[in-house]
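One structure below.
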2 protein chains.
Amino acid sequence: MERVPVLKIGDILLVSIQIDMEDQVALQLQEDLADRIVATGCHGVIIDISALDIVDSFVGRTLATIASVSRVLDAETVVVGMRPAVAITLVELGLSLPGIRTALNVELGIEMLALSRAHLDVEFDDDEDEADPAAVLAP
Amino acid sequence: MERVPVLKIGDILLVSIQIDMEDQVALQLQEDLADRIVATGCHGVIIDISALDIVDSFVGRTLATIASVSRVLDAETVVVGMRPAVAITLVELGLSLPGIRTALNVELGIEMLALSRAHLDVEFDDDEDEADPAAVLAP
């Protein structure tokens with residue numbers, strides 16, 4: 001059976017979908033990705049679909065499921081590289097990929113993930129400062 | 001026709017080969033990569049073959065050609081993600097992929113490219129120092 005490889009780059013898992021997303025391939029990819037997120041502790045998933053001519057409702061659902069599973073495992077998903085024609089067809093079909101963030105290419109996707117992560121870090125830092133009694137007591 | 005996407009990540013072009021490397025696909029990939037190297041000025045190419053069950057002499061030759069073309073365009077190529085069984089079969093077939101550098105995974109490939117680039121930079125810096133007459137005349 002064909003299998004979509006999951007590549008680890010720093011804190012990000014990168015998936016480039018090039019083969020037809022049949023049922024088994026999609027399920028295997030979901031499983032592989034979830035396993036890798038847990039094994040590596042990565043906080044970001046980038047799915048490149050620049051090789052896909054068609055994104056039908058099944059692929060859309062698969063992407064949404066992957067995004068949801070990743071979110072539960074504390075990783076954000078960004079779909080990148082969508083072709084203009086694919087975007088037009090998606091909207092015409094009434095599929096707007098709810099719950100999925102998109103970026104134009106891998107680099108912008110990495111940037112998006114880094115920014116939202118930095119934003120999270122800042123929030124946590126603030127909380128820590130407020131909650132830390134030593135900080136209040138220090139001269 | 002199927003096409004292997006070329007992803008740009010920083011100073012590196014990443015290619016993940018998942019489909020059968022038929023003549024047309026291989027030629028198209030060579031062309032796409034050369035075009036992208038020239039367009040982006042990237043100095044590194046990483047080719048992930050973790051999805052390939054078999055690397056025959058044609059794929060080996062294709063990888064070698066890509067590496068040679070990239071070298072002429074001032075970019076280094078690293079092949080990553082080779083499966084153990086593929087490595088064993090390659091050697092048994094007498095194909096040792098001459099002229100191709102390999103690394104275990106994408107991250108180690110990026111590291112390898114960064115190191116050899118840093119090495120190059122140092123060499124150039126040294127040359128500059130030696131050739132710069134102002135440096136000799138300065139007090």
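If you're wondering about the labels, chains in the structure tokens are A, B, ... by order shown, residues count from 1 in each chain, ligands from 1 in order shown.
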Checklist entry - Counting only C-alpha atoms, which residues of chain B come no farther than 10 Å from chain A, as a list of chain:residue names? => result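 Result, ordered by chain then number: B:Glu2, B:Arg3, B:Val4, B:Pro5, B:Val6, B:Leu7, B:Lys8, B:Ile9, B:Gly10, B:Val15, B:Ser16, B:Ile17, B:Gln18, B:Ile19, B:Asp48, B:Ile49, B:Ser50, B:Ala51, B:Leu52, B:Asp53, B:Gly81, B:Asn105, B:Val106, B:Glu107, B:Leu108, B:Ile110.
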Atoms kept (N, CA, C and O atoms) for selection, written as a compact mmCIF listing (two decimals), in the first residue's frame:
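Saved file selection20.txt follows:
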```txt
# COMPACT_ATOMS: atom_id res chain seq x y z
N GLU B 2 1.59 13.51 -13.74
CA GLU B 2 1.93 13.75 -12.34
C GLU B 2 3.25 14.51 -12.24
O GLU B 2 4.10 14.43 -13.11
N ARG B 3 3.38 15.24 -11.17
CA ARG B 3 4.51 16.13 -11.03
C ARG B 3 4.94 16.13 -9.57
O ARG B 3 4.09 16.16 -8.68
N VAL B 4 6.22 16.11 -9.31
CA VAL B 4 6.71 16.11 -7.94
C VAL B 4 6.91 17.57 -7.51
O VAL B 4 7.67 18.30 -8.14
N PRO B 5 6.22 18.02 -6.46
CA PRO B 5 6.35 19.43 -6.07
C PRO B 5 7.71 19.72 -5.42
O PRO B 5 8.29 18.86 -4.75
N VAL B 6 8.20 20.92 -5.66
CA VAL B 6 9.45 21.38 -5.05
C VAL B 6 9.10 22.44 -4.01
O VAL B 6 8.52 23.47 -4.33
N LEU B 7 9.41 22.17 -2.74
CA LEU B 7 9.06 23.08 -1.66
C LEU B 7 10.27 23.88 -1.21
O LEU B 7 11.35 23.32 -1.03
N LYS B 8 10.10 25.18 -1.05
CA LYS B 8 11.21 26.02 -0.59
C LYS B 8 11.09 26.25 0.91
O LYS B 8 10.06 26.68 1.39
N ILE B 9 12.15 25.94 1.64
CA ILE B 9 12.17 26.19 3.08
C ILE B 9 13.48 26.92 3.37
O ILE B 9 14.54 26.30 3.39
N GLY B 10 13.40 28.21 3.59
CA GLY B 10 14.60 28.99 3.81
C GLY B 10 15.52 28.92 2.60
O GLY B 10 15.10 29.21 1.47
N VAL B 15 12.37 18.15 -1.85
CA VAL B 15 11.58 17.33 -2.76
C VAL B 15 11.30 16.00 -2.09
O VAL B 15 12.22 15.35 -1.61
N SER B 16 10.04 15.62 -2.03
CA SER B 16 9.69 14.32 -1.45
C SER B 16 9.14 13.45 -2.58
O SER B 16 8.08 13.72 -3.11
N ILE B 17 9.91 12.44 -2.93
CA ILE B 17 9.49 11.60 -4.06
C ILE B 17 8.58 10.48 -3.57
O ILE B 17 8.97 9.70 -2.71
N GLN B 18 7.36 10.45 -4.07
CA GLN B 18 6.40 9.44 -3.64
C GLN B 18 5.82 8.65 -4.78
O GLN B 18 5.24 7.59 -4.59
N ILE B 19 5.96 9.19 -6.01
CA ILE B 19 5.35 8.50 -7.14
C ILE B 19 6.45 7.81 -7.95
O ILE B 19 7.64 8.09 -7.77
N ASP B 48 13.93 13.61 -0.44
CA ASP B 48 13.50 12.57 0.50
C ASP B 48 12.95 11.38 -0.28
O ASP B 48 12.04 11.53 -1.09
N ILE B 49 13.54 10.20 -0.04
CA ILE B 49 13.07 9.00 -0.76
C ILE B 49 12.51 7.98 0.22
O ILE B 49 12.50 6.78 -0.08
N SER B 50 12.02 8.45 1.37
CA SER B 50 11.53 7.51 2.38
C SER B 50 10.27 6.78 1.93
O SER B 50 9.90 5.76 2.50
N ALA B 51 9.60 7.31 0.90
CA ALA B 51 8.40 6.64 0.42
C ALA B 51 8.71 5.57 -0.63
O ALA B 51 7.84 4.82 -1.03
N LEU B 52 9.96 5.52 -1.08
CA LEU B 52 10.30 4.57 -2.15
C LEU B 52 10.68 3.20 -1.61
O LEU B 52 11.55 3.08 -0.75
N ASP B 53 10.01 2.17 -2.12
CA ASP B 53 10.33 0.79 -1.76
C ASP B 53 11.52 0.29 -2.55
O ASP B 53 12.25 -0.58 -2.12
N GLY B 81 16.43 9.79 3.94
CA GLY B 81 15.30 8.90 4.22
C GLY B 81 15.35 7.55 3.54
O GLY B 81 14.32 6.89 3.42
N ASN B 105 17.81 11.56 7.77
CA ASN B 105 16.49 12.19 7.65
C ASN B 105 16.65 13.66 7.25
O ASN B 105 17.76 14.17 7.13
N VAL B 106 15.52 14.32 7.05
CA VAL B 106 15.54 15.70 6.55
C VAL B 106 16.34 16.61 7.48
O VAL B 106 17.14 17.43 7.02
N GLU B 107 16.13 16.45 8.79
CA GLU B 107 16.81 17.35 9.73
C GLU B 107 18.33 17.21 9.64
O GLU B 107 19.05 18.21 9.63
N LEU B 108 18.82 15.95 9.58
CA LEU B 108 20.27 15.75 9.46
C LEU B 108 20.77 16.25 8.11
O LEU B 108 21.90 16.75 8.01
N ILE B 110 19.52 18.87 6.49
CA ILE B 110 19.61 20.33 6.61
C ILE B 110 20.89 20.71 7.35
O ILE B 110 21.61 21.63 6.97
```
Next on the checklist: So that I can see what lies close to Ile46 (chain A), please list as a ChimeraX atom specification the residues with an atom at most 6 Å from it, counting only C-alpha atoms and leaving out residues fewer than 2 positions away in the same chain.
Outcome noted: /A:14,77-79
Item to check | Neighbour list for Leu33 (chain B) as number ranges by chain, cut-off 9 Å, only C-alpha atoms, skip fewer than 2 positions in-chain | outcome: B: 6, 13, 15, 28-31, 35-38, 45, 66, 70
Checklist entry - Hey, can you check how far CA of Ala26 (chain B) sits from CA of Val55 (chain B)? => result 13.1 Å
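Using only C-alpha atoms, the smallest distance between any of A:Ala34, A:Leu73, A:Ile12, A:Ala39 and Gly109 (chain A) comes from A:Ile12.
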Checklist entry - Pick from B:Ile100, B:Leu95, B:Val86, B:Ile54: nearest to Arg71 (chain B), with only C-alpha atoms counted? => result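 Checking each candidate against Arg71 (chain B), we get B:Ile100 as the closest.
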Next on the checklist: So that I can see what lies close to Leu90 (chain A), please list as a list in words the residues with an atom at most 12 Å from it, counting only C-alpha atoms and leaving out residues fewer than 4 positions away in the same chain.
Outcome noted: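 My list of contacting residues is Asp53, Ile54, Val55, Asp56, Ser57, Phe58, Val59, Gly60, Met82, Arg83, Pro84, Ala85, Val86, Gly94, Leu95, Ser96, Leu97 and Pro98 of chain A.
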Output all heavy atoms of each residue in that selection to a file, as a tab-separated table (two decimals), in the first residue's frame.
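As a result, again27.tsv now contains:
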```
chain	number	residue	atom	x	y	z
A	53	ASP	N	-4.60	18.25	-8.08
A	53	ASP	CA	-5.41	18.95	-9.08
A	53	ASP	C	-6.83	19.13	-8.56
A	53	ASP	O	-7.53	20.06	-8.94
A	53	ASP	CB	-5.50	18.14	-10.37
A	53	ASP	CG	-4.21	18.18	-11.14
A	53	ASP	OD1	-3.59	19.25	-11.16
A	53	ASP	OD2	-3.83	17.14	-11.70
A	54	ILE	N	-7.26	18.17	-7.75
A	54	ILE	CA	-8.65	18.16	-7.28
A	54	ILE	C	-8.69	17.95	-5.77
A	54	ILE	O	-7.97	17.09	-5.25
A	54	ILE	CB	-9.43	17.01	-7.96
A	54	ILE	CG1	-9.40	17.15	-9.48
A	54	ILE	CG2	-10.86	16.95	-7.44
A	54	ILE	CD1	-9.79	15.89	-10.21
A	55	VAL	N	-9.46	18.75	-5.08
A	55	VAL	CA	-9.72	18.50	-3.67
A	55	VAL	C	-11.24	18.32	-3.54
A	55	VAL	O	-11.99	19.28	-3.62
A	55	VAL	CB	-9.24	19.67	-2.78
A	55	VAL	CG1	-9.68	19.47	-1.35
A	55	VAL	CG2	-7.72	19.77	-2.84
A	56	ASP	N	-11.67	17.07	-3.40
A	56	ASP	CA	-13.11	16.80	-3.29
A	56	ASP	C	-13.53	16.80	-1.82
A	56	ASP	O	-12.73	17.10	-0.94
A	56	ASP	CB	-13.47	15.49	-3.99
A	56	ASP	CG	-12.67	14.33	-3.44
A	56	ASP	OD1	-12.04	14.51	-2.38
A	56	ASP	OD2	-12.65	13.26	-4.06
A	57	SER	N	-14.79	16.45	-1.60
A	57	SER	CA	-15.30	16.53	-0.22
A	57	SER	C	-14.59	15.52	0.67
A	57	SER	O	-14.38	15.77	1.86
A	57	SER	CB	-16.81	16.30	-0.21
A	57	SER	OG	-17.09	15.00	-0.70
A	58	PHE	N	-14.18	14.38	0.12
A	58	PHE	CA	-13.49	13.39	0.94
A	58	PHE	C	-12.14	13.91	1.42
A	58	PHE	O	-11.79	13.80	2.60
A	58	PHE	CB	-13.30	12.08	0.16
A	58	PHE	CG	-12.52	11.05	0.93
A	58	PHE	CD1	-13.08	10.43	2.04
A	58	PHE	CD2	-11.21	10.73	0.57
A	58	PHE	CE1	-12.36	9.51	2.78
A	58	PHE	CE2	-10.49	9.81	1.31
A	58	PHE	CZ	-11.06	9.19	2.40
A	59	VAL	N	-11.39	14.50	0.49
A	59	VAL	CA	-10.09	15.06	0.87
A	59	VAL	C	-10.29	16.20	1.88
A	59	VAL	O	-9.56	16.30	2.87
A	59	VAL	CB	-9.31	15.56	-0.37
A	59	VAL	CG1	-8.03	16.26	0.04
A	59	VAL	CG2	-9.00	14.41	-1.29
A	60	GLY	N	-11.30	17.03	1.62
A	60	GLY	CA	-11.60	18.12	2.55
A	60	GLY	C	-11.89	17.59	3.94
A	60	GLY	O	-11.38	18.11	4.93
A	82	MET	N	-2.29	25.45	-1.97
A	82	MET	CA	-3.49	25.19	-2.77
A	82	MET	C	-3.44	25.95	-4.09
A	82	MET	O	-3.12	27.13	-4.13
A	82	MET	CB	-4.74	25.60	-1.98
A	82	MET	CG	-6.03	25.12	-2.64
A	82	MET	SD	-7.47	25.73	-1.78
A	82	MET	CE	-7.33	24.89	-0.22
A	83	ARG	N	-3.74	25.26	-5.18
A	83	ARG	CA	-3.76	25.92	-6.49
A	83	ARG	C	-5.00	26.82	-6.60
A	83	ARG	O	-6.04	26.50	-6.03
A	83	ARG	CB	-3.82	24.88	-7.60
A	83	ARG	CG	-2.64	23.96	-7.61
A	83	ARG	CD	-2.66	23.13	-8.87
A	83	ARG	NE	-1.66	22.10	-8.81
A	83	ARG	CZ	-1.47	21.20	-9.78
A	83	ARG	NH1	-2.24	21.24	-10.85
A	83	ARG	NH2	-0.54	20.30	-9.69
A	84	PRO	N	-4.87	27.89	-7.36
A	84	PRO	CA	-6.01	28.80	-7.54
A	84	PRO	C	-7.26	28.06	-8.04
A	84	PRO	O	-8.36	28.26	-7.52
A	84	PRO	CB	-5.52	29.79	-8.59
A	84	PRO	CG	-4.03	29.74	-8.51
A	84	PRO	CD	-3.67	28.36	-8.08
A	85	ALA	N	-7.08	27.18	-9.02
A	85	ALA	CA	-8.23	26.46	-9.58
A	85	ALA	C	-8.91	25.61	-8.52
A	85	ALA	O	-10.14	25.48	-8.49
A	85	ALA	CB	-7.78	25.60	-10.76
A	86	VAL	N	-8.10	25.02	-7.64
A	86	VAL	CA	-8.65	24.18	-6.57
A	86	VAL	C	-9.48	25.04	-5.62
A	86	VAL	O	-10.58	24.64	-5.21
A	86	VAL	CB	-7.51	23.47	-5.80
A	86	VAL	CG1	-8.05	22.80	-4.53
A	86	VAL	CG2	-6.84	22.43	-6.68
A	94	GLY	N	-19.17	24.61	-2.51
A	94	GLY	CA	-19.69	24.90	-1.17
A	94	GLY	C	-18.83	24.33	-0.06
A	94	GLY	O	-19.25	24.25	1.09
A	95	LEU	N	-17.60	23.91	-0.41
A	95	LEU	CA	-16.67	23.40	0.62
A	95	LEU	C	-15.71	24.53	0.99
A	95	LEU	O	-14.89	24.92	0.18
A	95	LEU	CB	-15.87	22.22	0.08
A	95	LEU	CG	-16.65	21.01	-0.43
A	95	LEU	CD1	-15.72	20.08	-1.19
A	95	LEU	CD2	-17.28	20.29	0.74
A	96	SER	N	-15.82	25.03	2.18
A	96	SER	CA	-14.93	26.15	2.53
A	96	SER	C	-13.88	25.73	3.56
A	96	SER	O	-13.24	26.57	4.18
A	96	SER	CB	-15.75	27.32	3.05
A	96	SER	OG	-16.52	26.88	4.16
A	97	LEU	N	-13.70	24.41	3.73
A	97	LEU	CA	-12.70	23.89	4.67
A	97	LEU	C	-12.79	24.55	6.05
A	97	LEU	O	-11.83	25.19	6.48
A	97	LEU	CB	-11.29	24.07	4.10
A	97	LEU	CG	-11.00	23.40	2.75
A	97	LEU	CD1	-9.54	23.61	2.39
A	97	LEU	CD2	-11.31	21.93	2.78
A	98	PRO	N	-13.91	24.41	6.73
A	98	PRO	CA	-14.04	25.05	8.04
A	98	PRO	C	-13.04	24.46	9.04
A	98	PRO	O	-12.79	23.25	9.01
A	98	PRO	CB	-15.48	24.73	8.46
A	98	PRO	CG	-15.81	23.48	7.71
A	98	PRO	CD	-15.06	23.54	6.42
```
Checklist entry - Would you give me, as a count of residues only, the residues in chain A that DSSP reads as alpha helix (DSSP H)? => result 74
